[in-house]
file work-v9.cif (mmCIF, C-alpha atoms)
data_start
#
loop_
_atom_site.label_atom_id
_atom_site.label_comp_id
_atom_site.auth_asym_id
_atom_site.auth_seq_id
_atom_site.Cartn_x
_atom_site.Cartn_y
_atom_site.Cartn_z
CA MET A 1 26.75 -140.56 153.88
CA SER A 2 28.01 -142.33 156.96
CA THR A 3 26.47 -144.76 159.41
CA ILE A 4 23.27 -143.58 161.12
CA ASN A 5 22.71 -144.49 164.77
CA LEU A 6 19.15 -144.54 166.02
CA LYS A 7 16.89 -145.97 168.67
CA VAL A 8 13.87 -148.10 167.76
CA GLU A 9 11.16 -149.06 170.24
CA PHE A 10 8.25 -151.48 169.97
CA SER A 11 5.19 -151.57 172.23
CA GLY A 12 1.58 -152.66 172.37
CA GLY A 13 2.64 -156.25 171.80
CA LEU A 14 4.94 -155.69 168.80
CA GLU A 15 7.96 -156.35 171.00
CA LEU A 16 6.90 -160.02 171.01
CA LEU A 17 7.74 -160.19 167.30
CA PHE A 18 11.21 -158.78 167.96
CA GLY A 19 12.58 -161.29 170.44
CA ASN A 20 10.53 -159.77 173.29
CA GLN A 21 12.99 -156.87 173.30
CA ARG A 22 11.30 -153.51 173.51
CA THR A 23 14.24 -151.23 172.66
CA HIS A 24 16.87 -151.70 169.95
CA THR A 25 19.82 -149.45 169.20
CA LEU A 26 20.76 -149.74 165.54
CA SER A 27 23.58 -148.55 163.31
CA LEU A 28 22.41 -148.43 159.70
CA HIS A 29 24.64 -148.09 156.69
CA PRO A 30 23.17 -146.31 153.68
CA PRO A 31 22.07 -148.54 150.82
CA SER A 32 24.59 -148.87 148.04
CA ALA A 33 23.87 -146.72 144.99
CA SER A 34 24.58 -149.82 142.92
CA ALA A 35 22.32 -152.11 145.00
CA ASP A 36 20.87 -155.11 143.24
CA GLU A 37 17.19 -155.49 142.33
CA SER A 38 16.36 -157.23 145.64
CA ALA A 39 17.13 -154.04 147.57
CA THR A 40 14.35 -151.76 148.72
CA PRO A 41 13.61 -149.24 145.96
CA PRO A 42 14.00 -145.59 146.90
CA THR A 43 10.86 -143.88 148.19
CA GLU A 44 9.48 -141.13 145.98
CA GLY A 45 11.40 -137.90 146.55
CA THR A 46 14.51 -139.61 147.91
CA THR A 47 17.79 -140.78 146.42
CA PRO A 48 18.90 -144.43 146.26
CA THR A 49 21.45 -143.82 149.04
CA ASP A 50 19.07 -142.13 151.53
CA VAL A 51 18.30 -144.11 154.67
CA THR A 52 14.54 -143.70 154.78
CA LEU A 53 11.95 -145.02 157.20
CA THR A 54 10.91 -147.51 154.50
CA TYR A 55 14.52 -148.73 154.36
CA LEU A 56 14.50 -149.09 158.17
CA MET A 57 11.26 -151.10 158.11
CA HIS A 58 12.71 -153.51 155.54
CA HIS A 59 15.91 -153.77 157.60
CA LEU A 60 13.89 -154.54 160.73
CA ARG A 61 11.85 -157.19 158.91
CA THR A 62 14.94 -158.85 157.43
CA HIS A 63 17.46 -158.57 160.29
CA VAL A 64 15.66 -157.97 163.61
CA LEU A 65 12.19 -159.52 163.40
CA THR A 66 12.14 -163.01 164.91
CA GLU A 67 8.67 -164.21 163.91
CA ARG A 68 5.50 -163.55 161.91
CA PRO A 69 6.56 -160.76 159.52
CA GLU A 70 2.97 -160.50 158.25
CA LEU A 71 1.99 -158.96 161.60
CA PHE A 72 4.52 -156.14 161.16
CA MET A 73 4.50 -155.22 157.48
CA GLU A 74 2.10 -155.36 154.59
CA GLY A 75 3.80 -154.63 151.28
CA ASP A 76 6.26 -151.77 151.75
CA THR A 77 4.65 -150.28 154.84
CA VAL A 78 3.51 -151.22 158.33
CA ARG A 79 0.23 -153.06 158.73
CA PRO A 80 -2.89 -151.05 159.49
CA GLY A 81 -3.23 -150.58 163.25
CA ILE A 82 0.45 -149.81 163.86
CA LEU A 83 1.24 -146.25 164.87
CA VAL A 84 4.67 -144.96 163.93
CA LEU A 85 6.28 -142.05 165.74
CA ILE A 86 9.38 -140.22 164.59
CA ASN A 87 10.89 -138.30 167.51
CA ASP A 88 7.46 -138.30 169.23
CA THR A 89 5.68 -137.01 166.09
CA ASP A 90 3.19 -138.99 164.00
CA TRP A 91 4.97 -140.22 160.88
CA GLU A 92 2.13 -138.91 158.69
CA LEU A 93 3.30 -135.39 159.55
CA GLU A 94 6.89 -136.29 158.61
CA GLY A 95 6.32 -137.88 155.21
CA GLU A 96 5.74 -141.49 156.32
CA GLY A 97 8.18 -143.92 154.65
CA ALA A 98 9.91 -141.15 152.68
CA TYR A 99 11.27 -139.59 155.90
CA VAL A 100 15.08 -139.54 155.68
CA LEU A 101 16.54 -140.77 158.96
CA LYS A 102 19.11 -138.72 160.84
CA GLY A 103 21.55 -139.77 163.54
CA GLY A 104 19.91 -139.77 166.96
CA ASP A 105 16.35 -140.24 165.66
CA GLU A 106 13.98 -142.23 167.86
CA ILE A 107 11.43 -144.34 166.01
CA VAL A 108 8.56 -145.96 167.91
CA PHE A 109 6.18 -148.61 166.55
CA ILE A 110 3.00 -149.10 168.62
CA SER A 111 0.40 -151.75 167.91
CA THR A 112 -3.14 -150.53 168.52
CA LEU A 113 -4.66 -153.93 167.78
CA HIS A 114 -5.42 -156.02 170.81
CA GLY A 115 -7.28 -159.29 171.03
CA GLY A 116 -10.00 -159.76 173.52
#

call {"tool": "encode", "arguments": {"input": "work-v9.cif", "output": "structure tokens"}}
result
Amino acid sequence: MSTINLKVEFSGGLELLFGNQRTHTLSLHPPSASADESATPPTEGTTPTDVTLTYLMHHLRTHVLTERPELFMEGDTVRPGILVLINDTDWELEGEGAYVLKGGDEIVFISTLHGG
């Protein structure tokens, strides 16, 4: 599998956690089949070299997030109150974290939690 290019957007305040940058264009390399134990384990129904949405979330937390990771992820998924869209479709309809990313995908993370 080769590099996957995709667009990731943050809104509803999440962009503040990502350097106040709303849109990111990423090139992801598939995880190595011989990855060490610190790598993200494959999501059920996927292979160790699939680039899944769970893999993307871990990549974002490790390489793109600039502050307060606890406001973005809880365990291996996004925190409650964050909507995730895959090509304008709710991720729950696409398999959530097990969704295997394809070149050109657009992933949007929207926070629905607002202080007041």

call {"tool": "resolve_selection", "arguments": {"input": "work-v9.cif", "expression": "the PyMOL selection byres ((chain A and resi 17-24) around 10)", "output": "PyMOL selection string"}}
result
chain A and resi 6-16+25-27+60-61+63-69+71-72+107-109

call {"tool": "atom_distance", "arguments": {"input": "work-v9.cif", "atom1": "CA of Ser32 in chain A", "atom2": "CA of Ser2 in chain A"}}
result
11.6 Å

call {"tool": "closest_residue", "arguments": {"input": "work-v9.cif", "among": "A:Val51, A:Leu56, A:Ile110, A:Leu93", "to": "Pro80 in chain A", "atoms": "only C-alpha atoms"}}
result
A:Ile110

call {"tool": "closest_residue", "arguments": {"input": "work-v9.cif", "among": "A:Thr112, A:Trp91, A:Gly103, A:His58", "to": "Asn5 in chain A", "atoms": "all atoms listed in the file"}}
result
A:Gly103

call {"tool": "resolve_selection", "arguments": {"input": "work-v9.cif", "expression": "the PyMOL selection byres ((chain A and resi 86) around 9)", "output": "PyMOL selection string"}}
result
chain A and resi 84-85+87-91+94+99+105-108

call {"tool": "atom_distance", "arguments": {"input": "work-v9.cif", "atom1": "CA of Ser111 in chain A", "atom2": "CA of Pro31 in chain A"}}
result
27.8 Å

call {"tool": "residues_around", "arguments": {"input": "work-v9.cif", "residues": "Leu53 in chain A", "least_positions_apart": "6", "cutoff": "9 Å", "atoms": "all atoms listed in the file", "output": "list in words"}}
result
Glu96, Gly97, Ala98, Tyr99, Val100, Leu101 and Ile107 of chain A

call {"tool": "closest_residue", "arguments": {"input": "work-v9.cif", "among": "A:Thr3, A:Thr54, A:Thr49, A:Thr62", "to": "Gly104 in chain A", "atoms": "all atoms listed in the file"}}
result
A:Thr3

call {"tool": "atom_distance", "arguments": {"input": "work-v9.cif", "atom1": "CA of Glu74 in chain A", "atom2": "CA of Leu113 in chain A"}}
result
14.9 Å

call {"tool": "closest_residue", "arguments": {"input": "work-v9.cif", "among": "A:Met57, A:Gly95, A:Asp50, A:Ile4", "to": "Gly75 in chain A", "atoms": "all atoms listed in the file"}}
result
A:Met57
